[in-house]
file model03.csv (CSV, C-alpha atoms)
chain,number,residue,atom,x,y,z
A,27,MET,CA,199.6,134.7,121.1
A,28,ARG,CA,197.6,134.6,124.3
A,29,ILE,CA,197.4,131.9,127.0
A,30,GLY,CA,194.0,132.7,128.5
A,31,ASN,CA,194.3,136.4,129.4
A,32,VAL,CA,198.1,136.4,129.3
A,33,GLU,CA,199.7,137.9,126.3
A,34,ILE,CA,202.9,136.3,125.0
A,35,LYS,CA,205.0,138.7,123.0
A,36,GLY,CA,207.6,136.8,121.1
A,37,TYR,CA,208.3,133.4,119.5
A,38,ALA,CA,210.2,131.2,122.1
A,39,ALA,CA,209.7,130.2,125.7
A,40,LEU,CA,212.2,128.7,128.2
A,41,ALA,CA,211.4,125.1,129.3
A,42,PRO,CA,211.0,124.2,132.9
A,43,MET,CA,214.3,122.3,133.3
A,44,ALA,CA,214.9,120.9,136.8
A,45,GLY,CA,218.1,122.1,138.4
A,46,VAL,CA,218.6,124.7,135.6
A,47,ALA,CA,215.6,127.0,135.1
A,48,ASP,CA,216.0,128.8,138.4
A,49,MET,CA,215.3,132.5,138.9
A,50,ALA,CA,218.8,133.7,137.8
A,51,PHE,CA,218.6,131.8,134.5
A,52,ARG,CA,215.0,132.7,133.8
A,53,GLU,CA,215.7,136.4,134.3
A,54,LEU,CA,218.7,136.1,132.0
A,55,CYS,CA,216.8,134.4,129.3
A,56,THR,CA,214.0,136.9,129.6
A,57,ASP,CA,216.5,139.7,129.1
A,58,PHE,CA,217.7,138.0,125.9
A,59,GLY,CA,214.1,137.7,124.5
A,60,ALA,CA,212.4,134.7,126.0
A,61,ALA,CA,208.7,135.5,125.6
A,62,TYR,CA,207.6,133.3,128.5
A,63,VAL,CA,209.4,131.2,131.1
A,64,VAL,CA,208.3,128.2,133.2
A,65,GLY,CA,210.0,127.5,136.5
A,66,GLU,CA,211.4,124.2,137.7
A,67,MET,CA,208.8,121.6,138.4
A,68,VAL,CA,207.6,121.5,142.1
A,69,SER,CA,206.1,118.5,143.9
A,70,SER,CA,202.5,119.1,144.8
A,71,LYS,CA,202.9,117.0,147.9
A,72,GLY,CA,206.1,118.9,148.8
A,73,ILE,CA,204.1,122.1,148.6
A,74,THR,CA,201.2,120.9,150.7
A,75,TYR,CA,203.5,119.2,153.2
A,76,SER,CA,205.1,122.6,153.9
A,77,SER,CA,208.5,121.8,152.4
A,78,GLU,CA,210.6,125.0,152.4
A,79,LYS,CA,212.7,123.6,149.5
A,80,SER,CA,209.5,123.2,147.4
A,81,TRP,CA,208.3,126.7,148.4
A,82,GLU,CA,211.6,128.2,147.3
A,83,LEU,CA,211.1,126.8,143.8
A,84,LEU,CA,207.8,128.7,143.5
A,85,GLU,CA,209.5,132.1,143.9
A,86,LEU,CA,209.2,134.4,140.9
A,87,SER,CA,210.6,137.9,140.3
A,88,GLU,CA,209.1,140.8,138.4
A,89,LYS,CA,212.0,140.7,135.9
A,90,GLU,CA,210.8,137.4,134.4
A,91,ARG,CA,207.2,138.0,133.4
A,92,PRO,CA,205.1,136.4,132.0
A,93,ALA,CA,206.1,133.4,134.1
A,94,ALA,CA,204.5,130.1,135.2
A,95,VAL,CA,205.1,127.7,138.0
A,96,GLN,CA,205.0,124.1,137.2
A,97,ILE,CA,203.6,121.5,139.6
A,98,PHE,CA,203.6,117.7,139.4
A,99,GLY,CA,201.6,115.0,141.1
A,100,TYR,CA,198.9,112.5,140.4
A,101,GLU,CA,196.1,113.3,142.9
A,102,PRO,CA,193.6,116.0,141.7
A,103,ASP,CA,192.8,117.3,145.2
A,104,VAL,CA,196.5,117.6,146.2
A,105,MET,CA,197.3,119.2,142.9
A,106,ALA,CA,194.5,121.7,143.4
A,107,LYS,CA,195.7,122.6,146.9
A,108,ALA,CA,199.3,123.0,145.7
A,109,ALA,CA,198.1,125.3,142.9
A,110,ASP,CA,196.1,127.4,145.3
A,111,PHE,CA,199.2,127.7,147.6
A,112,ALA,CA,201.4,128.6,144.6
A,113,MET,CA,199.2,131.7,144.0
A,114,ARG,CA,200.9,133.3,146.9
A,115,TYR,CA,203.9,133.8,144.6
A,116,SER,CA,201.7,135.5,141.9
A,117,PRO,CA,202.4,133.3,138.9
A,118,ASP,CA,200.8,134.4,135.6
A,119,ILE,CA,200.1,130.8,134.7
A,120,ILE,CA,200.0,127.4,136.5
A,121,ASP,CA,201.5,124.6,134.4
A,122,ILE,CA,200.9,120.9,135.0
A,123,ASN,CA,203.7,118.5,134.3
A,124,MET,CA,202.5,115.4,132.4
A,125,GLY,CA,205.8,114.7,130.6
A,126,CYS,CA,208.7,114.2,133.0
A,127,PRO,CA,210.3,110.9,132.2
A,128,ALA,CA,212.5,110.6,135.3
A,129,PRO,CA,212.0,107.3,137.1
A,130,LYS,CA,211.5,109.0,140.5
A,131,ILE,CA,208.7,111.1,139.0
A,132,ALA,CA,207.1,108.8,136.4
A,133,GLY,CA,207.7,105.8,138.6
A,134,ASN,CA,205.5,107.3,141.3
A,135,GLY,CA,202.6,107.9,138.9
A,136,SER,CA,203.3,111.5,138.1
A,137,GLY,CA,204.9,113.2,135.1
A,138,ALA,CA,204.7,111.2,131.9
A,139,ALA,CA,203.0,108.3,133.8
A,140,LEU,CA,199.8,110.4,133.8
A,141,MET,CA,199.5,109.8,130.0
A,142,LYS,CA,198.7,106.2,130.7
A,143,ASN,CA,195.4,107.5,132.3
A,144,PRO,CA,194.0,110.2,130.0
A,145,GLN,CA,190.9,110.6,132.1
A,146,LEU,CA,193.0,111.3,135.2
A,147,CYS,CA,194.8,114.0,133.2
A,148,GLY,CA,191.4,115.7,132.6
A,149,ASP,CA,190.4,115.4,136.2
A,150,ILE,CA,193.6,117.0,137.4
A,151,VAL,CA,193.3,119.9,134.9
A,152,GLN,CA,189.7,120.5,136.0
A,153,ALA,CA,190.6,120.4,139.7
A,154,VAL,CA,193.4,122.9,139.3
A,155,ILE,CA,191.3,125.2,137.2
A,156,HIS,CA,188.7,125.3,139.9
A,157,ALA,CA,191.4,126.2,142.5
A,158,VAL,CA,193.1,129.1,140.8
A,159,PRO,CA,192.2,132.4,139.0
A,160,VAL,CA,194.9,132.2,136.4
A,161,PRO,CA,195.2,130.1,133.2
A,162,VAL,CA,196.1,126.5,133.6
A,163,THR,CA,198.3,124.7,131.0
A,164,VAL,CA,199.8,121.2,130.6
A,165,LYS,CA,203.0,119.9,129.2
A,166,ILE,CA,202.8,116.4,127.7
A,167,ARG,CA,204.9,114.0,125.7
A,168,LYS,CA,204.1,112.0,122.5
A,169,GLY,CA,203.0,109.2,124.7
A,170,TRP,CA,204.3,106.6,127.2
A,171,ASP,CA,206.0,104.4,124.7
A,172,LYS,CA,205.8,103.5,121.0
A,173,ASN,CA,202.7,101.3,121.6
A,174,SER,CA,200.8,104.1,123.3
A,175,VAL,CA,201.2,107.3,121.3
A,176,ASN,CA,198.2,109.2,122.6
A,177,ALA,CA,199.3,112.9,122.7
A,178,VAL,CA,196.3,113.8,120.6
A,179,GLU,CA,193.8,112.1,122.8
A,180,VAL,CA,195.3,113.5,126.0
A,181,ALA,CA,195.4,117.0,124.5
A,182,LYS,CA,191.7,116.8,123.5
A,183,ILE,CA,190.8,115.7,127.0
A,184,CYS,CA,192.8,118.5,128.6
A,185,GLU,CA,191.3,121.1,126.3
A,186,GLN,CA,187.8,119.8,127.2
A,187,ALA,CA,188.7,120.1,130.9
A,188,GLY,CA,189.6,123.7,130.4
A,189,ALA,CA,193.4,123.8,129.7
A,190,ALA,CA,194.4,127.2,128.2
A,191,ALA,CA,197.4,125.8,126.2
A,192,ILE,CA,199.3,122.6,125.7
A,193,THR,CA,203.1,122.1,125.3
A,194,VAL,CA,204.0,118.9,123.4
A,195,HIS,CA,207.5,117.3,123.6
A,196,GLY,CA,207.9,115.2,120.6
A,197,ARG,CA,209.2,112.0,122.3
A,198,THR,CA,207.7,109.2,124.3
A,199,ARG,CA,208.6,108.7,128.0
A,200,GLU,CA,210.5,105.5,126.8
A,201,GLN,CA,212.7,107.6,124.5
A,202,GLN,CA,213.7,110.1,127.3
A,203,TYR,CA,215.7,112.6,125.3
A,204,MET,CA,216.9,110.5,122.4
A,205,PRO,CA,216.6,110.0,119.4
A,206,SER,CA,215.4,113.1,117.5
A,207,ALA,CA,212.1,114.5,118.5
A,208,ASP,CA,209.0,113.8,116.4
A,209,TRP,CA,207.6,117.1,115.3
A,210,GLU,CA,204.8,115.5,113.4
A,211,ILE,CA,203.0,114.7,116.7
A,212,ILE,CA,203.1,118.4,117.5
A,213,ARG,CA,201.4,119.1,114.1
A,214,LEU,CA,198.7,116.5,114.8
A,215,VAL,CA,198.0,118.0,118.3
A,216,LYS,CA,197.8,121.5,116.8
A,217,GLN,CA,195.3,120.2,114.2
A,218,ALA,CA,193.2,118.5,116.9
A,219,VAL,CA,192.7,121.3,119.4
A,220,SER,CA,191.7,125.0,119.2
A,221,ILE,CA,193.8,126.2,122.1
A,222,PRO,CA,197.5,127.3,121.6
A,223,VAL,CA,200.0,124.6,121.1
A,224,ILE,CA,203.7,125.0,122.1
A,225,GLY,CA,206.2,122.9,120.4
A,226,ASN,CA,209.1,121.4,122.3
A,227,GLY,CA,212.1,119.2,121.3
A,228,ASP,CA,215.4,119.7,119.5
A,229,ILE,CA,215.4,123.5,119.2
A,230,THR,CA,219.1,124.3,119.3
A,231,CYS,CA,219.2,127.3,117.0
A,232,ALA,CA,217.0,129.9,115.3
A,233,GLU,CA,216.8,127.9,112.2
A,234,ASP,CA,215.4,124.9,114.1
A,235,ALA,CA,212.7,127.2,115.5
A,236,ALA,CA,211.8,128.5,112.0
A,237,LYS,CA,211.5,124.9,110.8
A,238,MET,CA,209.3,123.9,113.7
A,239,PHE,CA,206.9,126.7,113.1
A,240,GLU,CA,206.7,125.8,109.4
A,241,GLN,CA,206.3,122.1,109.9
A,242,THR,CA,203.9,122.1,112.9
A,243,ASN,CA,202.0,125.4,112.7
A,244,CYS,CA,202.6,125.6,116.5
A,245,ASP,CA,201.9,128.9,118.2
A,246,LEU,CA,205.2,129.1,120.2
A,247,VAL,CA,208.4,127.1,120.5
A,248,MET,CA,209.9,126.0,123.8
A,249,VAL,CA,213.6,125.8,124.2
A,250,GLY,CA,215.2,123.5,126.7
A,251,ARG,CA,218.8,122.2,126.4
A,252,GLY,CA,219.4,124.5,123.5
A,253,ALA,CA,219.5,127.4,125.9
A,254,LEU,CA,222.2,125.9,128.2
A,255,GLY,CA,225.1,128.3,128.2
A,256,ASN,CA,223.3,129.9,125.3
A,257,PRO,CA,220.7,132.5,126.4
A,258,TRP,CA,221.3,134.3,123.1
A,259,ILE,CA,219.2,131.7,121.4
A,260,PHE,CA,216.0,133.7,122.2
A,261,ARG,CA,217.5,136.8,120.6
A,262,GLU,CA,218.5,134.8,117.6
A,263,ILE,CA,215.0,133.3,117.2
A,264,ASN,CA,213.3,136.6,117.6
A,265,SER,CA,215.6,138.2,115.0
A,266,LEU,CA,215.1,135.4,112.4
A,267,ILE,CA,211.4,134.9,112.9
A,268,GLY,CA,210.5,138.5,113.6
A,269,SER,CA,212.7,140.3,111.0
A,270,ASP,CA,213.9,137.5,108.8
A,271,ARG,CA,217.4,138.5,109.6
A,272,PRO,CA,220.0,136.4,111.5
A,273,SER,CA,221.4,138.1,114.5
A,274,LEU,CA,225.2,138.8,114.8
A,275,PRO,CA,227.3,135.9,116.2
A,276,VAL,CA,228.1,136.1,119.9
A,277,SER,CA,231.7,137.1,120.6
A,278,GLU,CA,233.9,135.3,123.1
A,279,ALA,CA,234.0,138.5,125.1
A,280,GLU,CA,230.2,138.7,125.3
A,281,ARG,CA,230.0,135.1,126.2
A,282,ILE,CA,232.4,135.6,129.2
A,283,THR,CA,230.7,138.8,130.3
A,284,VAL,CA,227.2,137.2,130.3
A,285,MET,CA,228.5,134.1,132.0
A,286,LEU,CA,230.0,136.2,134.8
A,287,ARG,CA,226.8,138.2,135.1
A,288,HIS,CA,224.7,134.9,135.3
A,289,ILE,CA,226.9,133.3,137.9
A,290,ARG,CA,227.2,136.5,140.0
A,291,THR,CA,223.4,136.7,140.1
A,292,LEU,CA,223.2,132.9,140.9
A,293,CYS,CA,225.5,133.5,143.9
A,294,GLU,CA,223.6,136.5,145.1
A,295,TYR,CA,220.3,134.6,145.1
A,296,LYS,CA,221.5,131.3,146.5
A,297,GLY,CA,224.7,132.3,148.4
A,298,GLU,CA,228.2,131.7,147.0
A,299,SER,CA,228.6,128.2,148.4
A,300,VAL,CA,225.5,126.8,146.7
A,301,GLY,CA,225.7,129.2,143.7
A,302,ILE,CA,229.3,128.3,142.8
A,303,ARG,CA,228.5,124.6,142.9
A,304,GLU,CA,225.7,125.1,140.5
A,305,ALA,CA,228.0,127.4,138.5
A,306,ARG,CA,230.3,124.5,137.6
A,307,LYS,CA,227.8,123.0,135.1
A,308,HIS,CA,226.7,126.4,133.8
A,309,SER,CA,230.2,127.6,133.1
A,310,ALA,CA,231.0,124.3,131.4
A,311,TRP,CA,228.1,124.9,129.0
A,312,TYR,CA,229.3,128.5,128.3
A,313,PHE,CA,232.8,127.2,127.5
A,314,LYS,CA,231.5,124.8,124.9
A,315,GLY,CA,232.9,125.5,121.5
A,316,MET,CA,235.6,127.9,122.8
A,317,LYS,CA,239.3,127.3,122.3
A,318,ASN,CA,240.6,124.7,124.8
A,319,ALA,CA,237.0,124.0,125.8
A,320,ALA,CA,237.8,120.6,127.3
A,321,SER,CA,240.5,122.0,129.6
A,322,LEU,CA,238.2,124.9,130.6
A,323,ARG,CA,235.3,122.6,131.4
A,324,LYS,CA,237.6,120.5,133.6
A,325,LYS,CA,238.7,123.6,135.5
A,326,ALA,CA,235.1,124.7,135.8
A,327,GLY,CA,234.3,121.5,137.6
A,328,MET,CA,236.7,122.5,140.3
A,329,LEU,CA,235.5,126.0,141.0
A,330,GLU,CA,235.3,126.8,144.7
A,331,SER,CA,234.5,130.6,144.6
A,332,PHE,CA,233.4,133.3,142.3
A,333,ASP,CA,236.9,134.6,142.3
A,334,ASP,CA,238.1,131.3,140.9
A,335,LEU,CA,235.8,131.9,138.0
A,336,ILE,CA,237.1,135.4,137.5
A,337,ASP,CA,240.7,134.1,137.5
A,338,LEU,CA,239.7,131.4,135.0
A,339,CYS,CA,238.2,134.0,132.7
A,340,LYS,CA,241.4,136.1,133.0
A,341,MET,CA,243.4,133.1,131.7
A,342,ILE,CA,241.1,133.0,128.7
A,343,SER,CA,241.6,136.7,128.0
A,344,ASN,CA,245.3,136.3,128.2

call {"tool": "encode", "arguments": {"input": "model03.csv", "output": "structure tokens"}}
result
Amino acid sequence: MRIGNVEIKGYAALAPMAGVADMAFRELCTDFGAAYVVGEMVSSKGITYSSEKSWELLELSEKERPAAVQIFGYEPDVMAKAADFAMRYSPDIIDINMGCPAPKIAGNGSGAALMKNPQLCGDIVQAVIHAVPVPVTVKIRKGWDKNSVNAVEVAKICEQAGAAAITVHGRTREQQYMPSADWEIIRLVKQAVSIPVIGNGDITCAEDAAKMFEQTNCDLVMVGRGALGNPWIFREINSLIGSDRPSLPVSEAERITVMLRHIRTLCEYKGESVGIREARKHSAWYFKGMKNAASLRKKAGMLESFDDLIDLCKMISN
């Protein structure tokens, strides 16, 4: 598939998960077959107000292409300025967040709250498109709540405004991340627009991806929580969809090797102090399903250095 002039070679993308989809994890998922990655969402006001923390979230490496930066906000002119500034980091795509359910985001009129004002969604898309030379995409939800399911309407307006693709998460803002995602709304959006549609919600294995393609006719699936501690999911999806063969199960040894590689890179990019704090949650995800997982996760929560993690892994091997 293509998003504007950007070719996407593969079947699954990495979702822009805040606090997770940083450069180290995006590079790792790309190595395991993610066809496209989207960085953590960045505040448009933070960018325009010269927040170094916001600027850091815009950084991309050449190891993770094609890649998008995702911005959020509710003011078309500020979003346009932020997108223009983001071009200093050479993103292949600018993605607009219209789906974040977090109170501090949606409660401020951004994220999923934009879906309560479809015309504003179109105005933001149009403003950003005029500000940047790369394709502009949007990520939306099913709607705000069960009484305002308007993903099809918002998708049409964004397409008319010039959006190059639309990602649909099959839950309302009210539902947050439970219960199961509604894939039917993804199918309806796909029927309603002519631009690529990316399906998002409840992809936890290759079989889920195959079912989503079949049920929705979407152009690409986006994996979020299913990739946590499990970058192999992209390899598995590519193998099943591309060759109709399941990939080999991941061994415990490979799981530990990849985890150490991931955390080592995380510490290199952010410094060991910050990196190892973030490693606590990542290592807990990697340990899921392993023997004595509960004890391992508890010990992961107390990591103070990379050497601590190595020692923990030696205990597993023994």

call {"tool": "closest_residue", "arguments": {"input": "model03.csv", "among": "A:Glu200, A:Asp270, A:Gln145, A:Gln152", "to": "A:Trp170", "atoms": "only C-alpha atoms"}}
result
A:Glu200

call {"tool": "residues_around", "arguments": {"input": "model03.csv", "residues": "A:Ala305", "least_positions_apart": "5", "cutoff": "10 Å", "atoms": "only C-alpha atoms", "output": "list in words"}}
result
Met285, Leu286, His288, Ile289, Arg290, Leu292, Cys293, Glu298, Ser299, Val300, Ala310, Trp311, Ala326, Gly327, Leu329, Glu330, Ser331, Phe332 and Leu335 of chain A

call {"tool": "write_last_selection", "arguments": {"input": "model03.csv", "atoms": "C-alpha atoms", "output": "PDB file, in the coordinates of the input"}}
result
ATOM      1  CA  MET A 285     228.500 134.100 132.000  1.00  0.00           C
ATOM      2  CA  LEU A 286     230.000 136.200 134.800  1.00  0.00           C
ATOM      3  CA  HIS A 288     224.700 134.900 135.300  1.00  0.00           C
ATOM      4  CA  ILE A 289     226.900 133.300 137.900  1.00  0.00           C
ATOM      5  CA  ARG A 290     227.200 136.500 140.000  1.00  0.00           C
ATOM      6  CA  LEU A 292     223.200 132.900 140.900  1.00  0.00           C
ATOM      7  CA  CYS A 293     225.500 133.500 143.900  1.00  0.00           C
ATOM      8  CA  GLU A 298     228.200 131.700 147.000  1.00  0.00           C
ATOM      9  CA  SER A 299     228.600 128.200 148.400  1.00  0.00           C
ATOM     10  CA  VAL A 300     225.500 126.800 146.700  1.00  0.00           C
ATOM     11  CA  ALA A 310     231.000 124.300 131.400  1.00  0.00           C
ATOM     12  CA  TRP A 311     228.100 124.900 129.000  1.00  0.00           C
ATOM     13  CA  ALA A 326     235.100 124.700 135.800  1.00  0.00           C
ATOM     14  CA  GLY A 327     234.300 121.500 137.600  1.00  0.00           C
ATOM     15  CA  LEU A 329     235.500 126.000 141.000  1.00  0.00           C
ATOM     16  CA  GLU A 330     235.300 126.800 144.700  1.00  0.00           C
ATOM     17  CA  SER A 331     234.500 130.600 144.600  1.00  0.00           C
ATOM     18  CA  PHE A 332     233.400 133.300 142.300  1.00  0.00           C
ATOM     19  CA  LEU A 335     235.800 131.900 138.000  1.00  0.00           C
TER      20      LEU A 335
END

call {"tool": "closest_residue", "arguments": {"input": "model03.csv", "among": "A:Lys165, A:Lys325, A:His308, A:Lys182", "to": "A:Cys126", "atoms": "all atoms listed in the file"}}
result
A:Lys165

call {"tool": "closest_residue", "arguments": {"input": "model03.csv", "among": "A:Gly135, A:Ile259, A:Cys147, A:Asn123", "to": "A:Ile166", "atoms": "only C-alpha atoms"}}
result
A:Asn123

call {"tool": "residues_around", "arguments": {"input": "model03.csv", "residues": "A:Lys168", "least_positions_apart": "2", "cutoff": "8 Å", "atoms": "all atoms listed in the file", "output": "ChimeraX atom specification"}}
result
/A:166,170,175-177,194-199,211

call {"tool": "atom_distance", "arguments": {"input": "model03.csv", "atom1": "atom CA of A:Ser80", "atom2": "atom CA of A:Met67"}}
result
9.2 Å

call {"tool": "residues_near_point", "arguments": {"input": "model03.csv", "point": "(188.0, 120.8, 127.9)", "cutoff": "12 Å", "atoms": "only C-alpha atoms", "output": "PDB file with C-alpha atoms, in the frame of the given file"}}
result
ATOM      1  CA  GLN A 145     190.900 110.600 132.100  1.00  0.00           C
ATOM      2  CA  CYS A 147     194.800 114.000 133.200  1.00  0.00           C
ATOM      3  CA  GLY A 148     191.400 115.700 132.600  1.00  0.00           C
ATOM      4  CA  ASP A 149     190.400 115.400 136.200  1.00  0.00           C
ATOM      5  CA  ILE A 150     193.600 117.000 137.400  1.00  0.00           C
ATOM      6  CA  VAL A 151     193.300 119.900 134.900  1.00  0.00           C
ATOM      7  CA  GLN A 152     189.700 120.500 136.000  1.00  0.00           C
ATOM      8  CA  ILE A 155     191.300 125.200 137.200  1.00  0.00           C
ATOM      9  CA  VAL A 162     196.100 126.500 133.600  1.00  0.00           C
ATOM     10  CA  THR A 163     198.300 124.700 131.000  1.00  0.00           C
ATOM     11  CA  GLU A 179     193.800 112.100 122.800  1.00  0.00           C
ATOM     12  CA  VAL A 180     195.300 113.500 126.000  1.00  0.00           C
ATOM     13  CA  ALA A 181     195.400 117.000 124.500  1.00  0.00           C
ATOM     14  CA  LYS A 182     191.700 116.800 123.500  1.00  0.00           C
ATOM     15  CA  ILE A 183     190.800 115.700 127.000  1.00  0.00           C
ATOM     16  CA  CYS A 184     192.800 118.500 128.600  1.00  0.00           C
ATOM     17  CA  GLU A 185     191.300 121.100 126.300  1.00  0.00           C
ATOM     18  CA  GLN A 186     187.800 119.800 127.200  1.00  0.00           C
ATOM     19  CA  ALA A 187     188.700 120.100 130.900  1.00  0.00           C
ATOM     20  CA  GLY A 188     189.600 123.700 130.400  1.00  0.00           C
ATOM     21  CA  ALA A 189     193.400 123.800 129.700  1.00  0.00           C
ATOM     22  CA  ALA A 190     194.400 127.200 128.200  1.00  0.00           C
ATOM     23  CA  ALA A 191     197.400 125.800 126.200  1.00  0.00           C
ATOM     24  CA  ILE A 192     199.300 122.600 125.700  1.00  0.00           C
ATOM     25  CA  VAL A 219     192.700 121.300 119.400  1.00  0.00           C
ATOM     26  CA  SER A 220     191.700 125.000 119.200  1.00  0.00           C
ATOM     27  CA  ILE A 221     193.800 126.200 122.100  1.00  0.00           C
TER      28      ILE A 221
END

call {"tool": "residues_around", "arguments": {"input": "model03.csv", "residues": "A:Pro127", "least_positions_apart": "5", "cutoff": "7 Å", "atoms": "all atoms listed in the file", "output": "count of residues only"}}
result
5

call {"tool": "residues_around", "arguments": {"input": "model03.csv", "residues": "stretch 203-210 of chain A", "least_positions_apart": "3", "cutoff": "8 Å", "atoms": "all atoms listed in the file", "output": "number ranges by chain"}}
result
A: 195-197, 213-214, 225, 227-228, 238, 241-242

call {"tool": "closest_residue", "arguments": {"input": "model03.csv", "among": "A:Pro102, A:Gly169, A:Gly59, A:Gly72", "to": "A:Lys89", "atoms": "only C-alpha atoms"}}
result
A:Gly59

call {"tool": "residues_around", "arguments": {"input": "model03.csv", "residues": "A:Ile119", "least_positions_apart": "5", "cutoff": "12 Å", "atoms": "all atoms listed in the file", "output": "PDB file with C-alpha atoms, in the frame of the given file"}}
result
ATOM      1  CA  ARG A  28     197.600 134.600 124.300  1.00  0.00           C
ATOM      2  CA  ILE A  29     197.400 131.900 127.000  1.00  0.00           C
ATOM      3  CA  GLY A  30     194.000 132.700 128.500  1.00  0.00           C
ATOM      4  CA  ASN A  31     194.300 136.400 129.400  1.00  0.00           C
ATOM      5  CA  VAL A  32     198.100 136.400 129.300  1.00  0.00           C
ATOM      6  CA  GLU A  33     199.700 137.900 126.300  1.00  0.00           C
ATOM      7  CA  ILE A  34     202.900 136.300 125.000  1.00  0.00           C
ATOM      8  CA  TYR A  62     207.600 133.300 128.500  1.00  0.00           C
ATOM      9  CA  VAL A  63     209.400 131.200 131.100  1.00  0.00           C
ATOM     10  CA  VAL A  64     208.300 128.200 133.200  1.00  0.00           C
ATOM     11  CA  GLY A  65     210.000 127.500 136.500  1.00  0.00           C
ATOM     12  CA  LEU A  84     207.800 128.700 143.500  1.00  0.00           C
ATOM     13  CA  LEU A  86     209.200 134.400 140.900  1.00  0.00           C
ATOM     14  CA  ARG A  91     207.200 138.000 133.400  1.00  0.00           C
ATOM     15  CA  PRO A  92     205.100 136.400 132.000  1.00  0.00           C
ATOM     16  CA  ALA A  93     206.100 133.400 134.100  1.00  0.00           C
ATOM     17  CA  ALA A  94     204.500 130.100 135.200  1.00  0.00           C
ATOM     18  CA  VAL A  95     205.100 127.700 138.000  1.00  0.00           C
ATOM     19  CA  GLN A  96     205.000 124.100 137.200  1.00  0.00           C
ATOM     20  CA  ILE A  97     203.600 121.500 139.600  1.00  0.00           C
ATOM     21  CA  ALA A 109     198.100 125.300 142.900  1.00  0.00           C
ATOM     22  CA  ASP A 110     196.100 127.400 145.300  1.00  0.00           C
ATOM     23  CA  ALA A 112     201.400 128.600 144.600  1.00  0.00           C
ATOM     24  CA  MET A 113     199.200 131.700 144.000  1.00  0.00           C
ATOM     25  CA  VAL A 154     193.400 122.900 139.300  1.00  0.00           C
ATOM     26  CA  ILE A 155     191.300 125.200 137.200  1.00  0.00           C
ATOM     27  CA  VAL A 158     193.100 129.100 140.800  1.00  0.00           C
ATOM     28  CA  PRO A 159     192.200 132.400 139.000  1.00  0.00           C
ATOM     29  CA  VAL A 160     194.900 132.200 136.400  1.00  0.00           C
ATOM     30  CA  PRO A 161     195.200 130.100 133.200  1.00  0.00           C
ATOM     31  CA  VAL A 162     196.100 126.500 133.600  1.00  0.00           C
ATOM     32  CA  THR A 163     198.300 124.700 131.000  1.00  0.00           C
ATOM     33  CA  VAL A 164     199.800 121.200 130.600  1.00  0.00           C
ATOM     34  CA  ALA A 189     193.400 123.800 129.700  1.00  0.00           C
ATOM     35  CA  ALA A 190     194.400 127.200 128.200  1.00  0.00           C
ATOM     36  CA  ALA A 191     197.400 125.800 126.200  1.00  0.00           C
TER      37      ALA A 191
END

call {"tool": "atom_distance", "arguments": {"input": "model03.csv", "atom1": "atom CA of A:Trp258", "atom2": "atom CA of A:Gln201"}}
result
28.1 Å

call {"tool": "residues_near_point", "arguments": {"input": "model03.csv", "point": "(212.2, 121.1, 136.0)", "cutoff": "8 Å", "atoms": "all atoms listed in the file", "output": "PyMOL selection string"}}
result
chain A and resi 41-47+65-68+96

call {"tool": "atom_distance", "arguments": {"input": "model03.csv", "atom1": "atom CA of A:Thr56", "atom2": "atom CA of A:Glu88"}}
result
10.8 Å

call {"tool": "closest_residue", "arguments": {"input": "model03.csv", "among": "A:Val276, A:Leu146, A:Leu83, A:Ala235", "to": "A:Gly255", "atoms": "only C-alpha atoms"}}
result
A:Val276

call {"tool": "decode", "arguments": {"input": "model03.csv", "residues": "stretch 91-105 of chain A", "atoms": "C-alpha atoms", "output": "PDB file, in the first residue's frame"}}
result
ATOM      1  CA  ARG A  91      11.748   4.076   8.130  1.00  0.00           C
ATOM      2  CA  PRO A  92       9.087   4.718   7.031  1.00  0.00           C
ATOM      3  CA  ALA A  93       8.147   6.586  10.190  1.00  0.00           C
ATOM      4  CA  ALA A  94       5.661   9.238  11.250  1.00  0.00           C
ATOM      5  CA  VAL A  95       5.602  11.764  14.040  1.00  0.00           C
ATOM      6  CA  GLN A  96       2.230  12.218  15.695  1.00  0.00           C
ATOM      7  CA  ILE A  97       1.057  15.571  17.024  1.00  0.00           C
ATOM      8  CA  PHE A  98      -1.965  16.477  19.101  1.00  0.00           C
ATOM      9  CA  GLY A  99      -3.832  19.693  19.789  1.00  0.00           C
ATOM     10  CA  TYR A 100      -7.045  21.473  18.863  1.00  0.00           C
ATOM     11  CA  GLU A 101      -5.988  24.754  17.241  1.00  0.00           C
ATOM     12  CA  PRO A 102      -5.430  24.517  13.453  1.00  0.00           C
ATOM     13  CA  ASP A 103      -2.804  27.262  13.332  1.00  0.00           C
ATOM     14  CA  VAL A 104      -0.805  25.846  16.243  1.00  0.00           C
ATOM     15  CA  MET A 105      -1.004  22.341  14.773  1.00  0.00           C
TER      16      MET A 105
END
